[in-house]
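Shown below: work10.txt, with compact mmCIF, C-alpha atoms.
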# COMPACT_ATOMS: atom_id res chain seq x y z
CA MET A 15 53.97 108.21 135.39
CA LYS A 16 54.75 104.49 135.59
CA LYS A 17 53.29 103.96 132.10
CA LEU A 18 55.53 106.76 130.85
CA LEU A 19 58.56 105.01 132.36
CA LEU A 20 57.57 101.73 130.69
CA ILE A 21 57.18 103.50 127.34
CA LEU A 22 60.58 105.13 127.80
CA LEU A 23 62.23 101.80 128.61
CA LEU A 24 60.56 100.20 125.60
CA SER A 25 61.72 102.99 123.31
CA LEU A 26 65.28 102.73 124.60
CA GLY A 27 65.32 99.02 123.91
CA LEU A 28 65.98 98.18 127.56
CA ILE A 29 63.00 95.89 127.51
CA ASN A 30 61.17 93.97 124.82
CA SER A 31 57.43 93.69 125.35
CA SER A 32 57.00 90.86 122.84
CA ASN A 33 58.02 88.13 125.28
CA ALA A 34 57.50 89.08 128.93
CA ASP A 35 58.02 85.48 130.03
CA SER A 36 61.67 85.66 128.98
CA TYR A 37 62.53 88.09 131.80
CA LYS A 38 64.57 86.95 134.75
CA PRO A 39 62.62 86.32 137.95
CA GLY A 40 61.79 89.61 139.63
CA ILE A 41 62.20 91.67 136.49
CA LYS A 42 59.07 90.12 135.01
CA GLU A 43 57.16 91.17 138.12
CA TYR A 44 58.65 94.66 137.88
CA MET A 45 57.54 94.99 134.26
CA GLU A 46 54.05 93.92 135.31
CA PHE A 47 54.04 96.64 138.02
CA LYS A 48 54.00 94.00 140.79
CA PHE A 49 56.60 95.88 142.78
CA THR A 50 56.16 94.12 146.13
CA GLU A 51 56.68 90.74 144.47
CA ALA A 52 59.61 92.11 142.46
CA ILE A 53 61.32 93.34 145.64
CA GLU A 54 60.80 89.98 147.35
CA ILE A 55 62.38 88.14 144.43
CA LEU A 56 65.13 90.63 143.58
CA SER A 57 66.38 91.28 147.13
CA PRO A 58 67.99 87.86 147.72
CA LEU A 59 69.40 87.88 144.18
CA ALA A 60 70.94 91.30 144.80
CA ALA A 61 72.39 90.07 148.10
CA GLU A 62 74.05 87.24 146.16
CA GLY A 63 75.65 89.80 143.82
CA ASP A 64 73.31 89.75 140.81
CA ASP A 65 74.07 93.09 139.13
CA GLU A 66 70.80 93.18 137.22
CA ALA A 67 68.77 92.61 140.40
CA GLN A 68 70.77 95.41 142.03
CA LEU A 69 70.02 97.69 139.07
CA TYR A 70 66.27 97.10 139.28
CA LEU A 71 66.22 97.52 143.06
CA GLY A 72 68.06 100.81 142.58
CA VAL A 73 65.38 101.93 140.13
CA ILE A 74 62.59 100.78 142.46
CA TYR A 75 63.96 102.73 145.43
CA ARG A 76 64.88 105.80 143.37
CA ASN A 77 61.40 105.98 141.81
CA GLY A 78 59.44 104.86 144.85
CA ASP A 79 57.85 101.96 142.97
CA GLY A 80 55.71 100.28 145.63
CA VAL A 81 57.92 101.74 148.39
CA GLU A 82 58.81 105.17 149.67
CA VAL A 83 61.60 106.84 147.73
CA ASP A 84 64.88 105.95 149.40
CA ASN A 85 67.84 107.51 147.61
CA PHE A 86 70.31 105.97 150.05
CA LYS A 87 69.16 102.45 149.17
CA ALA A 88 69.01 103.35 145.49
CA PHE A 89 72.58 104.64 145.62
CA LYS A 90 73.75 101.49 147.43
CA PHE A 91 72.20 99.18 144.82
CA PHE A 92 73.38 101.24 141.83
CA LYS A 93 76.92 101.34 143.27
CA GLN A 94 77.04 97.58 143.87
CA SER A 95 75.86 96.94 140.33
CA ALA A 96 78.06 99.63 138.76
CA GLU A 97 81.16 98.23 140.42
CA GLN A 98 80.44 94.94 138.65
CA GLY A 99 80.41 96.72 135.29
CA ASN A 100 76.68 97.21 134.74
CA ALA A 101 76.60 100.21 132.39
CA TRP A 102 72.99 101.16 133.17
CA SER A 103 73.84 101.31 136.87
CA GLN A 104 77.01 103.27 136.13
CA LYS A 105 74.92 105.88 134.34
CA HIS A 106 72.31 106.02 137.14
CA LEU A 107 75.08 106.27 139.73
CA ALA A 108 76.70 109.17 137.89
CA TRP A 109 73.40 111.05 137.91
CA MET A 110 73.00 110.43 141.64
CA TYR A 111 76.41 112.03 142.18
CA ILE A 112 75.36 115.01 140.06
CA ASP A 113 72.01 115.43 141.83
CA GLY A 114 73.37 114.70 145.30
CA LYS A 115 70.70 112.07 145.90
CA GLY A 116 71.71 109.44 148.42
CA VAL A 117 75.25 110.79 148.34
CA LEU A 118 77.06 114.13 148.46
CA LYS A 119 77.36 115.88 145.11
CA ASP A 120 80.64 114.89 143.51
CA TYR A 121 81.18 115.86 139.89
CA LYS A 122 84.50 114.06 139.64
CA GLN A 123 82.81 110.81 140.64
CA ALA A 124 80.00 111.56 138.20
CA LYS A 125 82.49 112.01 135.36
CA TYR A 126 84.28 108.81 136.38
CA TRP A 127 81.05 106.77 136.25
CA PHE A 128 79.99 108.34 132.94
CA GLN A 129 83.41 107.37 131.56
CA MET A 130 82.94 103.82 132.82
CA ALA A 131 79.47 103.65 131.23
CA TYR A 132 80.87 105.05 127.98
CA ALA A 133 83.41 102.22 127.83
CA ASN A 134 80.49 99.80 127.42
CA ASP A 135 79.40 98.47 124.01
CA ASP A 136 75.75 99.53 124.38
CA PRO A 137 75.21 102.41 121.89
CA TRP A 138 72.36 103.94 123.96
CA ILE A 139 74.53 104.07 127.06
CA ARG A 140 77.55 105.37 125.15
CA GLU A 141 75.56 108.21 123.56
CA ASP A 142 73.89 109.27 126.83
CA ALA A 143 77.07 108.99 128.87
CA LYS A 144 79.08 110.97 126.30
CA ALA A 145 76.48 113.76 126.20
CA ALA A 146 76.42 114.01 130.00
CA TRP A 147 80.21 113.84 130.23
CA ASP A 148 80.56 116.61 127.60
CA GLU A 149 78.10 118.76 129.54
CA LEU A 150 80.12 118.30 132.72
CA GLU A 151 83.28 119.28 130.84
CA LEU A 152 81.52 122.35 129.45
CA TRP A 153 80.58 123.48 132.95
CA LYS A 154 84.12 122.65 134.20
CA TYR A 155 83.04 120.28 136.97
Give the structure from the file, written as structure tokens.
Amino acid sequence: MKKLLLILLLSLGLINSSNADSYKPGIKEYMEFKFTEAIEILSPLAAEGDDEAQLYLGVIYRNGDGVEVDNFKAFKFFKQSAEQGNAWSQKHLAWMYIDGKGVLKDYKQAKYWFQMAYANDDPWIREDAKAAWDELELWKY
């Protein structure tokens, strides 16, 4: 499953496997599946407001990478990062609102965060956010 996630991230262009040493501290460890080390490095960075560290901690806790799944922590980290404008976190946060994981289901909040993600310049995020937003509109949420 973790290899599948890595392949997905590679295919989406979120990561580039050609130069693993260029990753920020903590993210390199995450990409190497050293989750305990990643958490130790990313946690203080997230506490200082690093939106990328918050994003990766959200992913770690949502997926249960080296820890038990904790949707409440995942939601907290995605929200902190999303509020700083991180489009990946905005998209993850929207899905948490849809699924009711770590938070009560709230389709209006989901649409809001998809709209925020769509406002980003990243074409992958824009396409995914637009498709999800359109689906929510179709179902009249």
Find the spatial neighbours of Tyr111 in chain A, counting all atoms listed in the file, within a cut-off of 7 Å - ignore same-chain residues fewer than 5 positions away - and output them as a PyMOL selection string. chain A and resi 117-121+123-124
Restricting the calculation to all atoms listed in the file, which member of A:Lys122, A:Ile41, A:Gln98, A:Asp84 is positioned closest to Tyr70 in chain A? A:Ile41
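The residue that comes closest to Val83 in chain A, out of A:Ala61, A:Gly40, A:Leu71, A:Tyr132 and on the basis of only C-alpha atoms, is A:Leu71.
For the pair CA of Lys93 in chain A and CA of Met110 in chain A, the interatomic distance is 10.0 Å.
Of the listed residues A:Glu62, A:Ala143, A:Gly114, A:Ile74, the one whose atoms come nearest to Glu43 in chain A is A:Ile74, with distances taken using only C-alpha atoms.
Of the residues listed (A:Trp109, A:Trp147, A:Tyr44, A:Phe49), A:Phe49 shows the shortest atom-to-atom separation from Val81 in chain A; distances use all atoms listed in the file.
Relative to CA of Gln104 in chain A, CA of Ile139 in chain A is found at 9.4 Å.
The spacing separating CA of Lys38 in chain A from CA of Gly63 in chain A amounts to 14.6 Å.
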Give as an MDAnalysis selection string each residue that has an atom at most 7 Å from (76.9, 100.9, 129.5) in the file, counting all atoms listed in the file. chainID A and resid 100:102 131:136 139:140
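Look at everything within 8 Å of (79.8, 105.9, 138.1) using only C-alpha atoms, and the residues you get are Lys93, Ala96, Ser103, Gln104, Lys105, His106, Leu107, Ala108, Gln123, Ala124, Lys125, Tyr126, Trp127, Phe128, Gln129, Met130 and Ala131 of chain A.
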Output file for the selection above: C-alpha atoms, as a PDB file, keeping the file's coordinate frame:
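result.pdb, written as the output of this step:
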ATOM      1  CA  LYS A  93      76.920 101.340 143.270  1.00  0.00           C
ATOM      2  CA  ALA A  96      78.060  99.630 138.760  1.00  0.00           C
ATOM      3  CA  SER A 103      73.840 101.310 136.870  1.00  0.00           C
ATOM      4  CA  GLN A 104      77.010 103.270 136.130  1.00  0.00           C
ATOM      5  CA  LYS A 105      74.920 105.880 134.340  1.00  0.00           C
ATOM      6  CA  HIS A 106      72.310 106.020 137.140  1.00  0.00           C
ATOM      7  CA  LEU A 107      75.080 106.270 139.730  1.00  0.00           C
ATOM      8  CA  ALA A 108      76.700 109.170 137.890  1.00  0.00           C
ATOM      9  CA  GLN A 123      82.810 110.810 140.640  1.00  0.00           C
ATOM     10  CA  ALA A 124      80.000 111.560 138.200  1.00  0.00           C
ATOM     11  CA  LYS A 125      82.490 112.010 135.360  1.00  0.00           C
ATOM     12  CA  TYR A 126      84.280 108.810 136.380  1.00  0.00           C
ATOM     13  CA  TRP A 127      81.050 106.770 136.250  1.00  0.00           C
ATOM     14  CA  PHE A 128      79.990 108.340 132.940  1.00  0.00           C
ATOM     15  CA  GLN A 129      83.410 107.370 131.560  1.00  0.00           C
ATOM     16  CA  MET A 130      82.940 103.820 132.820  1.00  0.00           C
ATOM     17  CA  ALA A 131      79.470 103.650 131.230  1.00  0.00           C
TER      18      ALA A 131
END
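The closest residue to Gly80 in chain A, picked from A:Thr50, A:Phe92, A:Asp64, A:Ser57 and counting all atoms listed in the file, is A:Thr50.
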